[in-house]
There are 2 protein chains.
Amino acid sequence: MDIRERLLGAAAQVYAEAGYRGATTRRIAHEAGVSEITLFRQFGSKEALMLEALTAASRTAVLALPDVPANPVRELTEWSRGRFETLFRIRSLLRKVMSEAEEHPEIIDCAKSYPRHPVNFLEQYVRRLQERGWAAEDTDPKLAAAMLVGAIFSEAMVRDMIPEVYSYAIDDAIDGYVRMFLRAIGCDARSAEAGAS
Amino acid sequence: MDIRERLLGAAAQVYAEAGYRGATTRRIAHEAGVSEITLFRQFGSKEALMLEALTAASRTAVLALPDVPANPVRELTEWSRGRFETLFRIRSLLRKVMSEAEEHPEIIDCAKSYPRHPVNFLEQYVRRLQERGWAAEDTDPKLAAAMLVGAIFSEAMVRDMIPEVYSYAIDDAIDGYVRMFLRAIGCDARSAEAGAS
DNA sequence: TCTGTGTGTAAGTGGTTACTTGCATCGCGA
DNA sequence: TCGCGATGCAAGTAACCACTTACACACAGA
């Protein structure tokens, strides 16, 4: 059904703009180009529509990191860029979900359909660096991963809201984060740049 | 007027729980223990009440860092703990403000009554470390500050929403963040621990 | 041609919202 | 005791919300 898809997309978009209470059935139907009656005939209720729309919208691919680290600087930079772009693209929807998760826990449940959180991928990657002797033994992989992912998350959430603080370019920021991250986990520039070559 | 203060506090609390649309005048008045009519007689409209309440609620003290670094590990740990506690305490209100800033820009305007953003304090502190020769010259103070502040921000925002990811204790996390931060900016353990002593 | 099936319009349901009006009540100073 | 300002209660307004009913139309298969 084409109309179902249109309604699901419109619901996710209007929800990202206005939140649950602001996403009125009238506005969603208008955005989808169908009548409000059709919305109710297709989904029964606003709640059913929103749950299905948010579940579909949060089904975004999680970027992977190589199982065998070869060039940490390049691999981490690419992964961090992709992570930022994913978060930045859905930042409005994410802010609404975070804001309304306390009131409507079922919303975050359907958004948590992630099989694995991205921070786990990075944690595993750091462990592999340690196994190869490219990272210091005394660094906590979980904490290190949380620091880099957290910094990227903050950029994606706050960057467009307080531009006077985040004045630098995002690509420069990610390069700097990766460089500092590698220094923080004790991965020196030589092995990080050259890798297995 | 005691009643004005009660209404302002109730407005901020209900807003943090339910957002702008969910913070109904009836609920705010009930929370303050006064009648809804008194609310309108005191503030005229819901919008006037909310703007005044959010301006007052966002007037939270910004922690300072010493002008002259003496013991970076201790000073940064204390500052980071305070920063986390501040953010964690108002996390619900902050999530609502972030979520509704696109729709109601005037809300974030009154919340941005900060004279200086905390990240600027940390940036200055890193510069002082560099001047003393305690931090590497090639680190970008602005980026380094953004990374630590961003990681703390993420902990405060997401920690209670995805507990299965943030499994460690917050104090351990902050200790780890500070240690990695100092390694990232090239501040070795000796000067960081001992300081000027 | 008939018969569903899916869609549209028009109208209306009951509930909630911000906000108002009229009047009674309370406390407090003169 | 009187007056007055602040408050509360009852009721109501117009607008908006999710959701429903009734009916017309368009199209596809039999």
# chains A, B, ... in the order shown; residues from 1 in each chain; ligands from 1

call {"tool": "residues_around", "arguments": {"residues": "DG4 of chain C", "least_positions_apart": "3", "cutoff": "12 Å", "atoms": "only C-alpha atoms (C1' of nucleotides)", "output": "list in words"}}
result
DC27, DA28, DG29 and DA30 of chain D

call {"tool": "write_last_selection", "arguments": {"atoms": "C-alpha atoms (C1' of nucleotides)", "output": "mmCIF file, in the first residue's frame"}}
result
data_model
loop_
_atom_site.group_PDB
_atom_site.id
_atom_site.type_symbol
_atom_site.label_atom_id
_atom_site.label_comp_id
_atom_site.auth_asym_id
_atom_site.auth_seq_id
_atom_site.Cartn_x
_atom_site.Cartn_y
_atom_site.Cartn_z
ATOM 1 C "C1'" DC D 27 -12.501 1.665 -9.863
ATOM 2 C "C1'" DA D 28 -11.598 -3.340 -10.332
ATOM 3 C "C1'" DG D 29 -13.094 -8.133 -10.857
ATOM 4 C "C1'" DA D 30 -17.116 -11.277 -11.622
#

call {"tool": "interface_residues", "arguments": {"of": "chain A", "to": "chain B", "cutoff": "6 Å", "atoms": "only C-alpha atoms", "output": "PyMOL selection string"}}
result
chain A and resi 95-96+99+147+150-151+154+180+183-184

call {"tool": "closest_atom_pairs", "arguments": {"of": "chain C", "to": "chain A", "cutoff": "10 Å", "atoms": "only C-alpha atoms (C1' of nucleotides)", "output": "CSV"}}
result
residue,atom,partner,partner_atom,distance
C:DG6,C1',A:Thr38,CA,9.0
C:DT7,C1',A:Thr38,CA,7.3
C:DG8,C1',A:Ser35,CA,7.3
C:DT9,C1',A:Ser35,CA,9.4

call {"tool": "write_last_selection", "arguments": {"atoms": "N, CA and C atoms (P, O5', C5', C4', C3', O3' and C1' of nucleotides)", "output": "short mmCIF file (atom, residue, chain, number, x, y, z; two decimals), in the first residue's frame"}}
result
data_model
loop_
_atom_site.label_atom_id
_atom_site.label_comp_id
_atom_site.auth_asym_id
_atom_site.auth_seq_id
_atom_site.Cartn_x
_atom_site.Cartn_y
_atom_site.Cartn_z
P DG C 6 -10.11 -2.82 1.23
"O5'" DG C 6 -9.75 -1.33 0.77
"C5'" DG C 6 -9.04 -1.13 -0.43
"C4'" DG C 6 -9.14 0.33 -0.86
"C3'" DG C 6 -8.83 1.32 0.27
"O3'" DG C 6 -7.85 2.26 -0.16
"C1'" DG C 6 -10.89 1.86 -0.76
P DT C 7 -7.24 3.32 0.87
"O5'" DT C 7 -8.01 4.67 0.55
"C5'" DT C 7 -7.82 5.31 -0.70
"C4'" DT C 7 -8.93 6.29 -0.98
"C3'" DT C 7 -9.04 7.46 -0.02
"O3'" DT C 7 -8.26 8.56 -0.44
"C1'" DT C 7 -11.18 6.63 -0.76
P DG C 8 -8.18 9.89 0.43
"O5'" DG C 8 -9.55 10.66 0.15
"C5'" DG C 8 -9.77 11.29 -1.11
"C4'" DG C 8 -11.17 11.87 -1.16
"C3'" DG C 8 -11.46 12.93 -0.09
"O3'" DG C 8 -11.40 14.24 -0.64
"C1'" DG C 8 -13.24 11.32 -0.23
P DT C 9 -11.52 15.50 0.34
"O5'" DT C 9 -13.08 15.67 0.64
"C5'" DT C 9 -14.01 15.82 -0.43
"C4'" DT C 9 -15.42 16.02 0.12
"C3'" DT C 9 -15.53 17.12 1.19
"O3'" DT C 9 -16.63 17.96 0.90
"C1'" DT C 9 -16.44 15.10 2.00
#

call {"tool": "select_by_dssp", "arguments": {"residues": "segment 38-125 of chain A", "states": "alpha helix (DSSP H)", "output": "ChimeraX atom specification"}}
result
/A:38-43,46-57,72-89,91-100,105-111,118-125

call {"tool": "atom_distance", "arguments": {"atom1": "atom CA of Gly44 of chain A", "atom2": "atom CA of Ile90 of chain A"}}
result
26.7 Å

call {"tool": "interface_residues", "arguments": {"of": "chain D", "to": "chain A", "cutoff": "10 Å", "atoms": "only C-alpha atoms (C1' of nucleotides)", "output": "short mmCIF file (atom, residue, chain, number, x, y, z; two decimals) with N, CA and C atoms (P, O5', C5', C4', C3', O3' and C1' of nucleotides), in the first residue's frame"}}
result
data_model
loop_
_atom_site.label_atom_id
_atom_site.label_comp_id
_atom_site.auth_asym_id
_atom_site.auth_seq_id
_atom_site.Cartn_x
_atom_site.Cartn_y
_atom_site.Cartn_z
P DC D 17 -5.35 20.75 16.83
"O5'" DC D 17 -5.76 19.42 17.60
"C5'" DC D 17 -5.14 19.11 18.83
"C4'" DC D 17 -5.88 17.98 19.53
"C3'" DC D 17 -6.15 16.77 18.67
"O3'" DC D 17 -5.04 15.90 18.72
"C1'" DC D 17 -8.06 17.33 20.03
P DA D 18 -4.86 14.78 17.59
"O5'" DA D 18 -5.81 13.60 18.09
"C5'" DA D 18 -5.55 12.98 19.33
"C4'" DA D 18 -6.67 12.01 19.66
"C3'" DA D 18 -6.81 10.84 18.71
"O3'" DA D 18 -7.15 9.67 19.43
"C1'" DA D 18 -8.81 12.10 18.69
P DC D 19 -7.20 8.26 18.63
"O5'" DC D 19 -8.69 8.23 18.10
"C5'" DC D 19 -9.77 8.40 19.03
"C4'" DC D 19 -11.09 8.50 18.30
"C3'" DC D 19 -11.31 7.53 17.14
"O3'" DC D 19 -12.28 6.57 17.52
"C1'" DC D 19 -12.18 9.69 16.70
P DT D 20 -12.87 5.51 16.47
"O5'" DT D 20 -14.25 6.16 16.06
"C5'" DT D 20 -15.17 6.60 17.05
"C4'" DT D 20 -16.46 7.07 16.40
"C3'" DT D 20 -17.01 6.13 15.32
"O3'" DT D 20 -18.32 5.72 15.66
"C1'" DT D 20 -16.94 8.39 14.55
#

call {"tool": "residues_around", "arguments": {"residues": "DA30 of chain C", "least_positions_apart": "5", "cutoff": "12 Å", "atoms": "only C-alpha atoms (C1' of nucleotides)", "output": "ChimeraX atom specification"}}
result
/D:1-4

call {"tool": "decode", "arguments": {"residues": "segment 33-166 of chain B", "atoms": "C-alpha atoms", "output": "tab-separated table (two decimals), in the first residue's frame"}}
result
chain	number	residue	atom	x	y	z
B	33	GLY	CA	-1.56	24.56	45.50
B	34	VAL	CA	-3.43	27.59	44.15
B	35	SER	CA	-6.40	27.99	41.86
B	36	GLU	CA	-6.05	28.30	38.11
B	37	ILE	CA	-7.61	31.77	38.21
B	38	THR	CA	-4.87	33.04	40.48
B	39	LEU	CA	-2.31	31.87	37.94
B	40	PHE	CA	-3.88	34.01	35.23
B	41	ARG	CA	-4.34	36.98	37.54
B	42	GLN	CA	-0.65	36.82	38.50
B	43	PHE	CA	0.96	36.21	35.12
B	44	GLY	CA	-1.67	37.06	32.51
B	45	SER	CA	-0.96	34.12	30.22
B	46	LYS	CA	0.66	30.71	30.20
B	47	GLU	CA	3.43	31.95	27.91
B	48	ALA	CA	4.44	34.78	30.26
B	49	LEU	CA	4.53	32.37	33.20
B	50	MET	CA	6.61	29.79	31.36
B	51	LEU	CA	9.17	32.30	30.08
B	52	GLU	CA	9.69	33.73	33.55
B	53	ALA	CA	9.87	30.26	35.11
B	54	LEU	CA	12.39	28.91	32.61
B	55	THR	CA	14.57	32.01	32.84
B	56	ALA	CA	14.70	31.57	36.60
B	57	ALA	CA	15.28	27.80	36.41
B	58	SER	CA	18.18	28.09	33.97
B	59	ARG	CA	19.99	30.57	36.22
B	60	THR	CA	22.27	27.90	37.64
B	61	ALA	CA	25.75	28.67	38.85
B	62	VAL	CA	28.55	27.78	36.45
B	63	LEU	CA	31.45	26.09	38.20
B	64	ALA	CA	34.81	27.75	37.82
B	65	LEU	CA	38.28	26.25	37.36
B	66	PRO	CA	41.28	27.77	39.11
B	67	ASP	CA	43.11	30.47	37.20
B	68	VAL	CA	46.41	28.87	38.11
B	69	PRO	CA	46.42	25.08	37.66
B	70	ALA	CA	47.99	23.31	40.63
B	71	ASN	CA	46.71	19.73	40.61
B	72	PRO	CA	45.04	19.00	37.26
B	73	VAL	CA	43.75	15.56	38.20
B	74	ARG	CA	42.05	16.78	41.35
B	75	GLU	CA	40.81	20.05	39.88
B	76	LEU	CA	39.46	18.47	36.72
B	77	THR	CA	37.83	15.61	38.60
B	78	GLU	CA	36.04	17.97	40.96
B	79	TRP	CA	34.96	20.25	38.14
B	80	SER	CA	33.72	17.34	36.02
B	81	ARG	CA	31.78	15.86	38.92
B	82	GLY	CA	30.10	19.19	39.58
B	83	ARG	CA	29.36	19.64	35.91
B	84	PHE	CA	27.78	16.21	35.69
B	85	GLU	CA	25.69	16.73	38.80
B	86	THR	CA	24.39	20.05	37.51
B	87	LEU	CA	23.42	18.58	34.16
B	88	PHE	CA	22.01	15.40	35.69
B	89	ARG	CA	19.84	17.32	38.11
B	90	ILE	CA	18.15	19.34	35.37
B	91	ARG	CA	18.31	16.62	32.73
B	92	SER	CA	14.55	16.38	32.31
B	93	LEU	CA	14.14	20.11	31.84
B	94	LEU	CA	17.14	20.20	29.52
B	95	ARG	CA	15.74	17.44	27.34
B	96	LYS	CA	12.47	19.33	27.00
B	97	VAL	CA	14.20	22.60	26.14
B	98	MET	CA	16.35	20.88	23.51
B	99	SER	CA	13.31	19.17	22.07
B	100	GLU	CA	11.21	22.32	21.84
B	101	ALA	CA	13.86	24.84	20.90
B	102	GLU	CA	13.07	24.50	17.20
B	103	GLU	CA	9.41	25.26	17.74
B	104	HIS	CA	9.81	27.91	20.45
B	105	PRO	CA	13.17	29.64	19.94
B	106	GLU	CA	12.36	32.13	22.69
B	107	ILE	CA	12.64	29.28	25.20
B	108	ILE	CA	16.28	28.63	24.41
B	109	ASP	CA	16.95	32.36	24.34
B	110	CYS	CA	15.98	32.72	27.98
B	111	ALA	CA	17.89	29.54	28.81
B	112	LYS	CA	21.00	30.98	27.14
B	113	SER	CA	21.26	33.69	29.79
B	114	TYR	CA	24.57	32.03	30.67
B	115	PRO	CA	27.22	34.75	30.63
B	116	ARG	CA	29.79	32.16	29.57
B	117	HIS	CA	29.44	28.57	28.56
B	118	PRO	CA	31.20	26.07	30.83
B	119	VAL	CA	33.20	24.76	27.89
B	120	ASN	CA	34.96	28.13	27.76
B	121	PHE	CA	36.19	27.74	31.33
B	122	LEU	CA	37.72	24.38	30.49
B	123	GLU	CA	39.24	25.75	27.29
B	124	GLN	CA	40.96	28.50	29.25
B	125	TYR	CA	42.20	25.96	31.77
B	126	VAL	CA	43.81	23.89	28.99
B	127	ARG	CA	45.51	27.03	27.66
B	128	ARG	CA	46.98	27.66	31.10
B	129	LEU	CA	48.24	24.09	31.21
B	130	GLN	CA	49.94	24.67	27.86
B	131	GLU	CA	51.51	27.93	29.07
B	132	ARG	CA	53.02	26.09	32.02
B	133	GLY	CA	54.33	23.36	29.75
B	134	TRP	CA	52.04	20.75	31.29
B	135	ALA	CA	50.13	20.06	28.09
B	136	ALA	CA	51.28	19.41	24.54
B	137	GLU	CA	51.48	22.43	22.27
B	138	ASP	CA	49.76	20.71	19.35
B	139	THR	CA	46.48	20.10	21.15
B	140	ASP	CA	43.52	22.33	20.30
B	141	PRO	CA	42.17	23.63	23.65
B	142	LYS	CA	38.73	24.27	22.21
B	143	LEU	CA	38.39	20.76	20.81
B	144	ALA	CA	39.83	19.13	23.91
B	145	ALA	CA	37.36	21.00	26.10
B	146	ALA	CA	34.47	20.09	23.80
B	147	MET	CA	35.39	16.42	23.98
B	148	LEU	CA	35.38	16.18	27.78
B	149	VAL	CA	32.32	18.39	28.20
B	150	GLY	CA	30.54	16.46	25.47
B	151	ALA	CA	31.26	13.13	27.09
B	152	ILE	CA	29.95	14.40	30.43
B	153	PHE	CA	26.89	15.85	28.72
B	154	SER	CA	26.13	12.52	27.09
B	155	GLU	CA	26.42	10.71	30.40
B	156	ALA	CA	23.96	13.12	32.00
B	157	MET	CA	21.47	12.89	29.15
B	158	VAL	CA	21.55	9.23	28.20
B	159	ARG	CA	22.71	7.40	31.34
B	160	ASP	CA	19.25	6.90	32.83
B	161	MET	CA	17.66	6.09	29.47
B	162	ILE	CA	19.91	3.24	28.24
B	163	PRO	CA	21.18	1.74	31.49
B	164	GLU	CA	22.31	-1.45	29.74
B	165	VAL	CA	24.96	0.55	27.86
B	166	TYR	CA	26.10	2.79	30.68
